[in-house]
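Let me begin by presenting the structure, written as structure tokens, before commenting on it.
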Amino acid sequence: MHSSEHGLQLLAALFAATGGGQLSRILESLERNLLTPIPLCFLLGIICTRIHGGIKIPKELYYSIAIFLLMSIGFIGGHELAHEYQAHGVATIWKPALATLFLGCVTPITSFVVLRYLGRMSIADSAGIAAHYGSTSAVTYAVANSFVEQSQHPANSFLPTLVTLLECPGIAIALVLGAALSAKERAAKAAAGSIAGIRGPGRESKLGEALYEVMTGQSIMLMAGLLVIGFISTLFMDEKAFQPFYEFFQSKGMLFRGALCIFLLEMGLVAGERLGDLVKVGPFLVAFGIFMPLIHGFFGVSMGHLAGLNLGGCTVLGAIVASASYIAAPPAVRLTLPEANPTYSITAALAVTFPFNIAFGIPIYYEMARWVGAQ
Amino acid sequence: MQLYPLKLVTVVGESVIMEDIAERGIKLGASGYTLVDVTGHGARSTRNVSMSGGARTQKIEFVVSGEVAVDILSYVSHQYFEHYACIAWLSDVSVVRGDQYVKPGGR
């Protein structure tokens, strides 16, 4: 397979396009990002799994922190959105929102095409992985947001709204594409008599159910729900009475940052367990898990810049477009495309793309944003 | 004390399929079920969605009549055996207050 060569050429072209001086800036950003507690906690998790260390995060704590992070992202997003709305109406928001929806529709298709035609993977596997890469990872958002805040270039206030917008369309498009093409392929094969009788009659499709699960899943309900709550309460509550809620949830606060460290530690433990599966998924998927995010990240950064986002906003949009879902997408894909092997999609999303984005991707998207002229 | 001879249907598999199996079991005539998280390792463990984000391995049990038990097992095997990490078995059980496990007018 020559895909890894293609990928290397692409990366070389990317670096060449950014110029030599940019390279040292990227390295500086990488250093600034890597030597901070959040990626280091992730690394500790991986190391711990590899050496069979004794760290164990109780499941209940993990779930509690996930709930807290999603609520925080939604609530503060709603709060900032209310301020933006009071100051500019919807004038500054509609373009980034449309750009995000557009990106949410494009990324599953580019992923599918690359996997199917370059990687020669099956329809179900291509669509399953595309669903993961079409959606987004809220934790990658949180880490990217922390990075731009630490770099003194905070993102536009309405970015959490964009995260919510990006979560669904990618999964839906990939699943519909996969289900339709799989059905067509099955019909063609059955007509040719090759697999007649393998699948029993009347096997029920779970597409509708899976999409409903995604729309009403924990990520969307908590983030979108708290976004509305944050928005309404900012508009109607007295500022002093609102303050304690703000302090509890704020993303620059010690609670959020500390919770993120614990969460990343657990993610490191899970990703560490998955590292062994890298051999099973093969070099193409590993290369895909690194280079597809770079391409999607560049789409995100460029579209964000065109839509008027600031430097931090472009960086974060690039990071969320580049990220792959590993919470909302897996069950939806499992229900709709049971033929797809989840080892491929979860390993690529969790053991390749997530660590890549946390360690290297985010500073690279930051430099991409500077390169396209975002301020 | 009177004991009633009934069947215990046990299905162990990916959590994504359990809600459907529970609903279908009730539709087919079970009066209830027990659902628990479990851990373990099987031939298709690598296919299982074992992300900490939600999906995991679960075990569901129904105490039902012989006919309902066969219907549940047929459904599970037809719907899920091909592509999901899932096993199912049937056991004979003797149940106290066995009349509770058969719906009025049911099988």
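A note on labels: chains of the structure tokens are A, B, ... as shown, every chain counts residues from 1, and ligands are counted from 1 in their shown order.
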Inset, instruction - Just the residues within 10 Å of Val11 (chain B), please, counting only C-alpha atoms, with nothing from its chain fewer than 3 positions along; format it as a count of residues only. - result: 18
Legend entry - Sel. of helix (DSSP H, G or I) residues, region 43-248 of chain A, as a PyMOL selection string: chain A and resi 43-50+59-88+94-118+123-134+138-150+159-191+207-215+218-236+239-248
Legend entry - Nearby residues (only C-alpha atoms) at most 6 Å from Thr353 (chain A), same-chain spacing under 3 positions excluded, as a ChimeraX atom specification: /A:289-290,349,356-357
Inset, instruction - Do me a favour and pick out the residues of chain A within 10 Å of chain B, using only C-alpha atoms, as number ranges by chain. - result: A: 59, 62-63, 66, 198-204, 210, 218, 266-267, 270-271, 274, 277, 326-328, 330-332, 334-335, 337-344, 346, 350
For the selection you just gave me, I'd like the residues written to a file as a PDB file, in the first residue's frame, keeping C-alpha atoms.
ATOM      1  CA  LYS A  59     -15.922   4.209  36.063  1.00  0.00           C
ATOM      2  CA  TYR A  62     -15.039   8.923  34.669  1.00  0.00           C
ATOM      3  CA  TYR A  63     -18.746   9.252  33.896  1.00  0.00           C
ATOM      4  CA  ALA A  66     -17.575  13.438  31.394  1.00  0.00           C
ATOM      5  CA  ILE A 198     -26.732 -16.184   4.393  1.00  0.00           C
ATOM      6  CA  ARG A 199     -28.806 -13.420   5.921  1.00  0.00           C
ATOM      7  CA  GLY A 200     -32.194 -14.439   7.172  1.00  0.00           C
ATOM      8  CA  PRO A 201     -35.305 -12.818   5.765  1.00  0.00           C
ATOM      9  CA  GLY A 202     -36.589  -9.588   7.253  1.00  0.00           C
ATOM     10  CA  ARG A 203     -33.525  -8.590   9.235  1.00  0.00           C
ATOM     11  CA  GLU A 204     -34.462  -5.221  10.676  1.00  0.00           C
ATOM     12  CA  ALA A 210     -29.232   4.694  15.703  1.00  0.00           C
ATOM     13  CA  GLN A 218     -25.620  12.148  26.412  1.00  0.00           C
ATOM     14  CA  GLU A 266      -8.340   7.770  31.789  1.00  0.00           C
ATOM     15  CA  MET A 267      -8.248   8.363  28.034  1.00  0.00           C
ATOM     16  CA  VAL A 270      -7.916   3.313  27.364  1.00  0.00           C
ATOM     17  CA  ALA A 271      -5.753   4.401  24.414  1.00  0.00           C
ATOM     18  CA  ARG A 274      -5.743  -0.065  22.233  1.00  0.00           C
ATOM     19  CA  ASP A 277      -4.560  -3.207  18.100  1.00  0.00           C
ATOM     20  CA  TYR A 326     -15.261   7.806  20.016  1.00  0.00           C
ATOM     21  CA  ILE A 327     -18.309   8.148  22.261  1.00  0.00           C
ATOM     22  CA  ALA A 328     -21.354   8.989  20.136  1.00  0.00           C
ATOM     23  CA  PRO A 330     -19.356   3.686  18.040  1.00  0.00           C
ATOM     24  CA  PRO A 331     -22.775   2.523  19.271  1.00  0.00           C
ATOM     25  CA  ALA A 332     -24.538   4.170  16.307  1.00  0.00           C
ATOM     26  CA  ARG A 334     -22.523  -0.838  15.691  1.00  0.00           C
ATOM     27  CA  LEU A 335     -26.307  -0.732  15.412  1.00  0.00           C
ATOM     28  CA  LEU A 337     -23.505  -1.304  10.178  1.00  0.00           C
ATOM     29  CA  PRO A 338     -22.926  -4.486  12.174  1.00  0.00           C
ATOM     30  CA  GLU A 339     -20.659  -5.847   9.445  1.00  0.00           C
ATOM     31  CA  ALA A 340     -18.159  -3.048  10.136  1.00  0.00           C
ATOM     32  CA  ASN A 341     -15.344  -4.136  12.408  1.00  0.00           C
ATOM     33  CA  PRO A 342     -15.278  -1.725  15.391  1.00  0.00           C
ATOM     34  CA  THR A 343     -11.624  -2.505  16.081  1.00  0.00           C
ATOM     35  CA  TYR A 344     -10.718  -0.472  12.986  1.00  0.00           C
ATOM     36  CA  ILE A 346     -12.112   2.782  17.520  1.00  0.00           C
ATOM     37  CA  LEU A 350      -8.760   6.623  19.892  1.00  0.00           C
TER      38      LEU A 350
END
Inset, instruction - Check the DSSP output for the backbone and give back, as JSON, numbers by chain, the residues of region 3-72 of chain B in strand (DSSP E). - result: {"B": [3, 4, 5, 6, 7, 8, 9, 10, 11, 12, 13, 14, 34, 35, 36, 37, 57, 58, 59, 60, 61, 62, 63, 64]}
Inset, instruction - Using only C-alpha atoms, determine which residues lie at most 9 Å from Ser137 (chain A), disregarding the query and same-chain residues fewer than 3 positions distant; provide the list as number ranges by chain. - result: A: 140-142, 163, 167, 320-321, 323-328, 354
